[in-house]
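For reference, the structure discussed in these notes is given below.
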Amino acid sequence: MDEKRLWHAVKIDKVITELNTNAKHGLDETEVSNRLTKYGINSLKTVGQTPWYKVLIRQFFDILILILIIAAVISVLTKEIVDAITIMVIVVLNGLLGFIQEWRAEKALESLKQMLALRCQVVRNGSPQTIDSKKLVPGDIVLLDVGDRVPADLRLIETVNLRIDESSLTGESISSHKDTAPLEENMDLALRSSMAWMGTAVSNGRARGVVVATGMNTEFGRIAHLTQAVEDETTPLQKKLAVLGKQLGIVGFSISILIALVGWLLGNPLKEMFMTGISLAVAVVPEGLPAVVTITMALGVKAMVKRRALLRRLQAAETLGAATVICTDKTGTLTKNQMTVQHIWLPSGELEVTGSGYTPEGDFKTNNGELDENTKIELGRLLTTGQICNHASIARDEKGWYAIGDPTEAALITVARKGGINDDNHGEFISEFSFDSRRKRMTVVEKSDGTLKAHVKGAPEVLLNHCSRIAQGDHAIELTDQIKNQVVNAYMGMAEKGIRTLGLAYKEFKPETKLEEDVVESDLVFLGIVGIIDPPRPEVKDAVNLAYSAGIKIFMITGDSPATALAIAQRIGLRATRAYTSSDIVSLSDDELKDLLKKDILFARATPEQKMRIVDLLQEMNEVVAMTGDGVNDAPALKGADIGTAMGLRGTDVAKGASDMILLDDNFATIIGAVEEGRRQYDNIQKFVRYLLSSNIAEIIAILFNIILGGNLILLPVQILWMNLITDGLTAVALGVEPAESAIMKRPPRSPNAELLGKTAFIRIFLLASYMGFVTLWIFHYFQGHAATVAQTMAFTGLVLIEKMNVFNFRSMRQSIFKMNFFSNPWLLLAWTSSISLQVCAVYVPFLQKALHTEALSGQHWLILIASGIPVIIISELYKWYLRSRERKGNFED
């Protein structure tokens, strides 16, 4: 069997022959067994799934973590066992935090399996039977009914009023009508009406189809392949921290070796110089940085959940904060995925219908206010016909109202309920002429009060040709050419706005009339037109405006029609002025498509491959791409994007499995809140990286210049570790939960190429580190006349106190700390108090005195140390004032 056969274009008898099956009797068990051996089970392969132990191991391959492990080994070799244990505890805790958060991210393909129908109806050996869908093989005859999920790709061979919801696969919001007629080979996937695709759902009617593809050979499986083929990429922050780690490692070991060697050559004892070298190496590397980054991101996960967004990877938030482009699906993302009648055209005038979705609450409004008597009569007749010519219903559960059956028909039921028309308006059902692609209309005949009534709905342009009269109040008048033109203008006007239109008509006739299509559906009375649309979510427009104010570009990429896409774009404030379709995209080279991506456009009828292509090209243009979606068709692009965002309530499991973040409330506005949270997290990571580096460089300056001056060892390796891991680590984590600054969403996204540490950052770090390092050096030499441990304790404690004062400088890179709410970050105050308390313990608690080589200090000592820390605040405030003055002149640097 040719797996790439275009079965939608093949006639039924030829399909049956090629698959060597029987449309009535199906396959026998022997043939099923043979084909099961040949084609395999009907399930998706879990290629590339990462085992749990690999997820755990990769947590320890960060460059900074590797440097820490090397430092721990050196500590063991030099018999500094306490130092080694401390370092390894930090390494292990960091790895476990990352593992716990990321393990769930490896479940994408298992989620794909959950979408498959577990049981299905087939015909084998001439009789219907229910089987596990995994045992389906090509050539099996499958029976479909309302509510069934299609278990494999089928070529339809019999249909009765069949409609299938394919929104999860194609993005089309309206259920697709299906029939058996062969089509042209180059027909788009969404238009292949002779096919039923695995994973889609039957919303109306019934059918019989022959299996043409199973498992990974289905359209569903092809998308699974695309999702598997996309490799995970490191985030911008990961790359920058890796570079920083390498640089610090090289600098640290180079300086330590150089200084130790020079000191030894100058006559200092070899062991002392070796310990000095280790001290410098430890001082250069911010041991607490990996743990602080991981803890901050983990706390960010909790902050995101409060905003109704669930992160599946720790680094997703910082990537989202850098997003320059959001590519969003339409159906179920920007819209509610609930078809709603919002416009009605009646012979007596036009009406607007309030309310949305399947909740049967709303009003009918005209430009003139109240409905007159004729309008009420015409509306009642139209709503009654819409309700009777219908197979759907609506119901309610704890989550709200939902549709049972075809969404478009459910919209007619909903609007009828709004108008007070209930199910008890039905007479006795007599006959039905079903909808198909040839007729483009549906008729239900009922018997009421001894009279037969035909209720008809269909495409307005088709229905008009079967009408000779039009309703006017409680009677009908001739449908003249002038009136017909008014009807045409009405439905054409709606269509241009992307609104789907349905015409409704009726006819009364005698019981003895022959119930033939040509008789029943002639001389109809035209009742009016309903305009149906999948309405935008009410909060989306404000979210779009906020995204634009934050400098983020938005592309709608949908499987829906161009007219509908543009109409929704206009209603929600997207700047798109033109829609490009699947065929347009195919005809464009990569360079031509890149030029288009610089304009305000949207994409309609896009295939999964094209969505991936758009995402890839945007990334080549150096954009950071966030992709939102909820369907199977979105999964490959979600996986390939820098940040894939799936809908939590309506999103398919495959979309969730391929994503980095899930919106728990399906609210597009939530992604903009998540962008703000992502920016806050990145800002805070920058703050504590700069804070930690200023502390570490201060330590280097103190040690380096102390050697130049020929002093004794100013700071021991264990004291440096205490500062870097314990006291600095606590305050750095607290900086990670600093609230967002007020203008965070009024600035453009940061460049993907922006350095983690820019020019002003280096100047700030150097200024503050220089003061802290040299004042520590002064304190040490000033107390050299005392016992060696006193001078060392003063230098050690003095540097800790000054660093704790310095942490307040990094709450904002521009704003004065005296204009900030001192209590807006209570965690920082708690961390600051804890750090100072721990340092007091380090000075006075006996076992810590022994471990850290400290000695008790007097009150006078503490006053000197506190006074030494005040200038670090003054230096920072002066530098912030300088930066603000430059920004007022239009010079913004970071």
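Going by the structure tokens order, chains are called A, B, ..., each with residues numbered from 1, while ligands are numbered from 1 in the order shown.
Residues with any atom within 8 Å of Lys507 (chain A), counting only C-alpha atoms and excluding same-chain neighbours fewer than 5 positions away, are Lys453, Ala454, His455, Val520, Asp523, Leu524 and Val525 of chain A.
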What's around region 764-766 of chain A at 8 Å? Count only C-alpha atoms, leave out sequence neighbours fewer than 3 positions away in its own chain, and write the answer as a ChimeraX atom specification.
/A:690-691,693-694,697,760-761,769-770,876,879
Residues near region 774-779 of chain A, anyone? I mean within 8 Å using only C-alpha atoms, not counting same-chain ones fewer than 5 positions away, as a PDB file with N, CA, C and O atoms, in the first residue's frame.
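The new file part_1.pdb reads:
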```
ATOM      1  N   ALA A 698      34.926  42.405  44.849  1.00  0.00           N
ATOM      2  CA  ALA A 698      35.448  43.058  46.063  1.00  0.00           C
ATOM      3  C   ALA A 698      36.386  42.122  46.805  1.00  0.00           C
ATOM      4  O   ALA A 698      37.448  42.538  47.314  1.00  0.00           O
ATOM      5  N   ILE A 701      39.704  41.994  44.854  1.00  0.00           N
ATOM      6  CA  ILE A 701      40.502  43.211  45.053  1.00  0.00           C
ATOM      7  C   ILE A 701      41.199  43.182  46.406  1.00  0.00           C
ATOM      8  O   ILE A 701      42.406  43.498  46.518  1.00  0.00           O
ATOM      9  N   ALA A 702      40.463  42.786  47.418  1.00  0.00           N
ATOM     10  CA  ALA A 702      41.047  42.744  48.769  1.00  0.00           C
ATOM     11  C   ALA A 702      42.198  41.752  48.829  1.00  0.00           C
ATOM     12  O   ALA A 702      43.283  42.053  49.364  1.00  0.00           O
ATOM     13  N   PHE A 705      45.333  42.937  46.254  1.00  0.00           N
ATOM     14  CA  PHE A 705      46.144  44.071  46.713  1.00  0.00           C
ATOM     15  C   PHE A 705      46.795  43.787  48.069  1.00  0.00           C
ATOM     16  O   PHE A 705      47.823  44.376  48.407  1.00  0.00           O
ATOM     17  N   ASN A 706      46.197  42.887  48.827  1.00  0.00           N
ATOM     18  CA  ASN A 706      46.837  42.494  50.082  1.00  0.00           C
ATOM     19  C   ASN A 706      48.150  41.763  49.814  1.00  0.00           C
ATOM     20  O   ASN A 706      49.145  41.962  50.521  1.00  0.00           O
ATOM     21  N   ILE A 714      44.320  37.561  54.027  1.00  0.00           N
ATOM     22  CA  ILE A 714      43.240  38.430  54.500  1.00  0.00           C
ATOM     23  C   ILE A 714      41.915  37.687  54.652  1.00  0.00           C
ATOM     24  O   ILE A 714      41.155  37.932  55.594  1.00  0.00           O
ATOM     25  N   ALA A 791      42.165  40.858  63.117  1.00  0.00           N
ATOM     26  CA  ALA A 791      42.235  41.584  61.841  1.00  0.00           C
ATOM     27  C   ALA A 791      41.476  40.825  60.759  1.00  0.00           C
ATOM     28  O   ALA A 791      40.746  41.418  59.952  1.00  0.00           O
ATOM     29  N   MET A 794      37.733  41.122  61.419  1.00  0.00           N
ATOM     30  CA  MET A 794      37.248  42.454  61.053  1.00  0.00           C
ATOM     31  C   MET A 794      37.086  42.588  59.539  1.00  0.00           C
ATOM     32  O   MET A 794      36.086  43.119  59.050  1.00  0.00           O
ATOM     33  N   ALA A 795      38.072  42.089  58.788  1.00  0.00           N
ATOM     34  CA  ALA A 795      37.983  42.158  57.320  1.00  0.00           C
ATOM     35  C   ALA A 795      36.806  41.310  56.816  1.00  0.00           C
ATOM     36  O   ALA A 795      36.011  41.745  55.969  1.00  0.00           O
ATOM     37  N   PHE A 796      36.714  40.093  57.366  1.00  0.00           N
ATOM     38  CA  PHE A 796      35.649  39.159  56.989  1.00  0.00           C
ATOM     39  C   PHE A 796      34.264  39.739  57.302  1.00  0.00           C
ATOM     40  O   PHE A 796      33.392  39.838  56.434  1.00  0.00           O
ATOM     41  N   GLY A 798      33.496  42.864  58.135  1.00  0.00           N
ATOM     42  CA  GLY A 798      33.296  44.159  57.488  1.00  0.00           C
ATOM     43  C   GLY A 798      32.809  44.002  56.066  1.00  0.00           C
ATOM     44  O   GLY A 798      31.878  44.696  55.624  1.00  0.00           O
ATOM     45  N   LEU A 799      33.416  43.074  55.344  1.00  0.00           N
ATOM     46  CA  LEU A 799      32.990  42.853  53.954  1.00  0.00           C
ATOM     47  C   LEU A 799      31.555  42.336  53.902  1.00  0.00           C
ATOM     48  O   LEU A 799      30.764  42.741  53.045  1.00  0.00           O
ATOM     49  N   SER A 868      31.803  52.189  57.982  1.00  0.00           N
ATOM     50  CA  SER A 868      32.533  51.922  56.740  1.00  0.00           C
ATOM     51  C   SER A 868      31.593  51.550  55.591  1.00  0.00           C
ATOM     52  O   SER A 868      31.964  51.674  54.415  1.00  0.00           O
TER      53      SER A 868
END
```
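Near region 814-824 of chain A, within 10 Å and counting only C-alpha atoms, sit Glu738, Pro739, Glu741, Phe808, Asn809, Phe810, Arg811, Trp827, Leu828, Leu829, Ile873, Ser876, Glu877, Leu878, Tyr879, Lys880, Trp881, Tyr882, Leu883, Arg884 and Glu887 of chain A, not including residues fewer than 3 positions from it in the same chain.
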query = Please, what distance in Å, to one decimal, runs between CA of Val544 (chain A) and CA of Asp591 (chain A)?
reply =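 About the pair CA of Val544 (chain A) and CA of Asp591 (chain A): they are 27.7 Å apart.
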Please report the interatomic distance between CA of Lys594 (chain A) and CA of Met621 (chain A) in Å with one decimal.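 Atom-to-atom, CA of Lys594 (chain A) to CA of Met621 (chain A), that is 7.7 Å.
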